[in-house]
2 protein chains.
Amino acid sequence: MSQPAEETRFEAQRDRILKAAARCFNEKGYSGTSLKNVAQHLGLTDAALYYYVKNKEELVFQCYLRAAELGNEAMQRAAADGKDGYQQARLYVRYHVEIMVGERGPVAIMSEIPSLKLEHRDEILELSRHHSLAFEKILSRGIADGSIRDCDVRMTGNAVMGSINWIPKWFHGSSTVAEEIISAFPDILTCGLAAR
Amino acid sequence: MSQPAEETRFEAQRDRILKAAARCFNEKGYSGTSLKNVAQHLGLTDAALYYYVKNKEELVFQCYLRAAELGNEAMQRAAADGKDGYQQARLYVRYHVEIMVGERGPVAIMSEIPSLKLEHRDEILELSRHHSLAFEKILSRGIADGSIRDCDVRMTGNAVMGSINWIPKWFHGSSTVAEEIISAFPDILTCGLAAR
DNA sequence: CATAAATTCTAATGGGGATTAAAATAATGC
DNA sequence: GCATTATTTTAATCCCCATTAGAATTTATG
């Protein structure tokens with residue numbers, strides 16, 4: 001499901017463009033990155049990108065779409081693999097973090113949704129809400145089955161996802177740091193800080 | 001220290017500009033917000049802003065400087081008020097969150113440091129590092145005094161601060177939500193999710 | 001090889017936005 | 001009220017960048 005063995009030259013190049021764009025957007029924001037910027041990362045000309053995407057807005061949209069897909073994948077795998085709500089929440093953090101700092105990254109953080117045109121914005125917002133709701137559902141399940149302490153699921157969701165979303169702001173590709181993140185974040189976000 | 005009774009007309013207007021700019025930057029990013037955008041929030045013309053800041057880059061710089069000051073204030077108060085490392089970490093979250101969602105906000109999130117010119121970037125990065133180190137020191141203290149479980153302080157710092165930094169992306173000024181944040185975040189970030 | 005299709009480039013075009021200088025208006029001190 | 005200072009506006013200027021059309025080049029196909 002992740003790396004189709006059958007991939008057109010076109011699709012491959014398109015994926016490379018999306019990744020390069022994601023890196024740029026994470027670094028300098030939507031308006032802060034020019035298409036020339038993205039193209040340079042691939043040894044291309046800005047005009048060449050138009051062979052793969054209709055325009056710049058479409059490029060961000062696709063980046064966000066990919067981010068939503070990957071986030072959703074982590075969520076679904078977590079819900080499938082975890083035995084109780086707590087384990088599911090923990091696995092979600094692990095899976096999502098693994099994707100973000102792994103070789104499938106960089107993943108664009110959806111930090112400039114207002115830059116999207118109305119139609120796309122609505123679609124992304126819906127996916128985003130769906131993602132949040134899925135996590136809140138996991139939390140509620142955990143509270144119900146006694147594995148998670150009683151808490152405000154909305155706020156908890158925001159807190160946990162914020163922590164994950166912020167990663168690209170300080171993580172820049174070091175594989176050793178990636179290992180540290182993967183091994184530390186699930187504990188931090190689900191066990192808290194208190195001793196015992 | 002926070003609201004000087006003696007405030008020049010000039011300084012007052014300048015503060016209003018910084019806050020309006022912070023709101024815009026949080027919403028649309030650095031390059032995504034035009035000076036005209038910021039000015040409109042205050043019923044001014046874009047050119048008028050140049051009476052208060054040298055240029056746009058200076059405007060972001062001042063916003064980030066203010067953000068760093070406020071973050072630092074939270075850190076120092078927490079270190080002073082908390083009895084052990086755990087209490088200090090908890091208070092830091094509380095104080096910082098209170099500032100960000102309170103009437104002193106909006107506070108600019110430092111998400112586009114690369115847009116700063118080298119000199120300013122270095123200054124902000126140093127303040128940022130100082131802030132992180134102060135929090136890591138609190139964590140280490142907590143581990144030493146037995147109030148915080150053994151953990152990777154670097155990663156824990158990144159996780160906790162990321163969660164806080166992301167708040168402006170989904171918080172838009174509702175005072176009831178502000179209360180929820182203040183009451184939920186300290187628990188979430190220091191107690192974790194596990195029941196018992 | 002030769003031809004067609006796929007991919008990328010070169011060279012415009014146009015608009016938006018940062019910036020500035022000078023003029024206009026508002027505030028303040030005497 | 002008058003003169004000085006503080007504040008804001010109007011009206012350019014300039015540069016960057018998204019976008020496009022058409023040419024050039026590379027790749028695939030027989």
# chains A, B, ... in the order shown; residues from 1 in each chain; ligands from 1
>>> closest_atom_pairs(of="chain D", to="chain B", cutoff="9 Å", atoms="only C-alpha atoms (C1' of nucleotides)", output="Markdown table")
| residue | atom | partner | partner_atom | distance |
| --- | --- | --- | --- | --- |
| D:DT7 | C1' | B:Tyr51 | CA | 8.0 |
| D:DT8 | C1' | B:Ala48 | CA | 5.8 |
| D:DT9 | C1' | B:Thr45 | CA | 7.3 |
>>> interface_residues(of="chain B", to="chain A", cutoff="8 Å", atoms="only C-alpha atoms", output="ChimeraX atom specification")
/B:27-32,86,111-112,114-115,146-152,155-156,158-167,169,180-181,184-185,188-196
>>> write_last_selection(atoms="N, CA and C atoms", output="short mmCIF file (atom, residue, chain, number, x, y, z; two decimals), in the first residue's frame")
data_model
loop_
_atom_site.label_atom_id
_atom_site.label_comp_id
_atom_site.auth_asym_id
_atom_site.auth_seq_id
_atom_site.Cartn_x
_atom_site.Cartn_y
_atom_site.Cartn_z
N GLU B 27 -1.58 33.29 11.69
CA GLU B 27 -2.65 32.79 10.83
C GLU B 27 -2.15 32.46 9.42
N LYS B 28 -1.37 33.37 8.85
CA LYS B 28 -0.99 33.20 7.45
C LYS B 28 0.51 33.12 7.22
N GLY B 29 1.28 33.13 8.26
CA GLY B 29 2.73 33.04 8.08
C GLY B 29 3.35 34.38 7.75
N TYR B 30 4.64 34.40 7.71
CA TYR B 30 5.38 35.64 7.49
C TYR B 30 5.10 36.23 6.11
N SER B 31 5.48 35.50 5.08
CA SER B 31 5.30 36.02 3.73
C SER B 31 3.83 36.08 3.34
N GLY B 32 3.02 35.32 4.05
CA GLY B 32 1.62 35.28 3.72
C GLY B 32 0.84 36.50 4.18
N TYR B 86 9.21 18.61 39.24
CA TYR B 86 7.90 18.30 38.66
C TYR B 86 6.95 19.49 38.77
N SER B 111 7.76 30.29 14.11
CA SER B 111 7.73 29.18 13.18
C SER B 111 8.44 29.49 11.87
N GLU B 112 8.91 30.72 11.70
CA GLU B 112 9.58 31.04 10.44
C GLU B 112 10.88 31.78 10.68
N PRO B 114 13.78 31.06 9.66
CA PRO B 114 14.62 31.25 8.47
C PRO B 114 14.34 32.55 7.73
N SER B 115 13.18 33.15 7.97
CA SER B 115 12.86 34.39 7.27
C SER B 115 13.60 35.59 7.86
N GLY B 146 13.82 13.16 42.17
CA GLY B 146 12.90 12.03 42.21
C GLY B 146 11.46 12.34 41.88
N SER B 147 11.18 13.57 41.49
CA SER B 147 9.79 13.92 41.20
C SER B 147 9.41 13.64 39.75
N ILE B 148 10.43 13.51 38.88
CA ILE B 148 10.16 13.23 37.47
C ILE B 148 10.85 11.92 37.08
N ARG B 149 10.15 11.11 36.30
CA ARG B 149 10.72 9.83 35.89
C ARG B 149 11.91 10.06 34.96
N ASP B 150 12.77 9.09 34.92
CA ASP B 150 13.94 9.20 34.07
C ASP B 150 13.50 9.30 32.61
N CYS B 151 13.94 10.37 31.93
CA CYS B 151 13.52 10.56 30.54
C CYS B 151 14.55 11.35 29.77
N ASP B 152 14.42 11.32 28.47
CA ASP B 152 15.30 12.11 27.60
C ASP B 152 14.85 13.57 27.69
N MET B 155 14.26 15.52 24.30
CA MET B 155 13.04 15.13 23.60
C MET B 155 11.80 15.58 24.36
N THR B 156 11.85 15.45 25.66
CA THR B 156 10.69 15.86 26.47
C THR B 156 10.45 17.35 26.34
N ASN B 158 11.22 19.21 23.77
CA ASN B 158 10.66 19.43 22.44
C ASN B 158 9.17 19.07 22.39
N ALA B 159 8.84 17.97 23.02
CA ALA B 159 7.44 17.52 22.99
C ALA B 159 6.52 18.50 23.71
N VAL B 160 6.91 18.89 24.90
CA VAL B 160 6.06 19.79 25.69
C VAL B 160 5.93 21.15 25.03
N MET B 161 7.06 21.69 24.59
CA MET B 161 7.00 23.02 23.98
C MET B 161 6.28 23.00 22.65
N GLY B 162 6.43 21.90 21.90
CA GLY B 162 5.73 21.81 20.63
C GLY B 162 4.24 21.89 20.85
N SER B 163 3.78 21.19 21.85
CA SER B 163 2.37 21.19 22.17
C SER B 163 1.88 22.60 22.46
N ILE B 164 2.67 23.35 23.20
CA ILE B 164 2.30 24.72 23.55
C ILE B 164 2.39 25.63 22.32
N ASN B 165 3.45 25.46 21.56
CA ASN B 165 3.65 26.32 20.39
C ASN B 165 2.55 26.15 19.35
N TRP B 166 1.98 24.98 19.33
CA TRP B 166 0.96 24.71 18.31
C TRP B 166 -0.40 25.33 18.65
N ILE B 167 -0.57 25.71 19.88
CA ILE B 167 -1.87 26.23 20.34
C ILE B 167 -2.46 27.30 19.43
N LYS B 169 -2.45 27.66 16.47
CA LYS B 169 -2.97 27.13 15.22
C LYS B 169 -4.43 26.74 15.32
N GLU B 180 -10.47 26.23 29.25
CA GLU B 180 -10.28 24.78 29.10
C GLU B 180 -8.81 24.45 28.92
N ILE B 181 -8.14 25.24 28.10
CA ILE B 181 -6.73 25.00 27.86
C ILE B 181 -5.93 25.10 29.15
N ALA B 184 -6.63 22.18 31.38
CA ALA B 184 -6.32 20.82 30.92
C ALA B 184 -4.86 20.57 30.61
N PHE B 185 -4.17 21.56 30.04
CA PHE B 185 -2.81 21.31 29.54
C PHE B 185 -1.80 20.89 30.61
N ILE B 188 -2.37 17.22 31.19
CA ILE B 188 -2.06 16.38 30.03
C ILE B 188 -0.56 16.22 29.84
N LEU B 189 0.14 17.35 29.93
CA LEU B 189 1.57 17.31 29.61
C LEU B 189 2.44 16.79 30.75
N THR B 190 1.90 16.78 31.96
CA THR B 190 2.75 16.27 33.04
C THR B 190 2.25 14.97 33.63
N CYS B 191 0.94 14.72 33.56
CA CYS B 191 0.42 13.48 34.12
C CYS B 191 0.30 12.38 33.08
N GLY B 192 0.25 12.75 31.81
CA GLY B 192 0.09 11.74 30.79
C GLY B 192 -1.33 11.27 30.69
N LEU B 193 -1.52 10.13 30.05
CA LEU B 193 -2.87 9.65 29.80
C LEU B 193 -3.26 8.46 30.68
N ALA B 194 -2.27 7.70 31.10
CA ALA B 194 -2.57 6.45 31.79
C ALA B 194 -3.45 6.65 33.01
N ALA B 195 -4.39 5.75 33.20
CA ALA B 195 -5.23 5.79 34.39
C ALA B 195 -4.40 5.40 35.60
N ARG B 196 -4.76 5.90 36.77
CA ARG B 196 -4.08 5.61 38.04
C ARG B 196 -2.71 6.24 38.13
#
>>> residues_around(residues="Val38 (chain B)", least_positions_apart="4", cutoff="7 Å", atoms="only C-alpha atoms (C1' of nucleotides)", output="ChimeraX atom specification")
/B:20-21,24,34
>>> interface_residues(of="chain C", to="chain B", cutoff="12 Å", atoms="only C-alpha atoms (C1' of nucleotides)", output="list in words")
DG16, DG17, DA18, DT19, DT20, DA21 and DA27 of chain C
>>> atom_distance(atom1="C1' of DG30 (chain D)", atom2="C1' of DT3 (chain C)")
8.8 Å
>>> atom_distance(atom1="CA of Ala134 (chain B)", atom2="CA of Gly173 (chain B)")
28.5 Å
>>> atom_distance(atom1="CA of Leu18 (chain A)", atom2="CA of Cys63 (chain A)")
5.9 Å
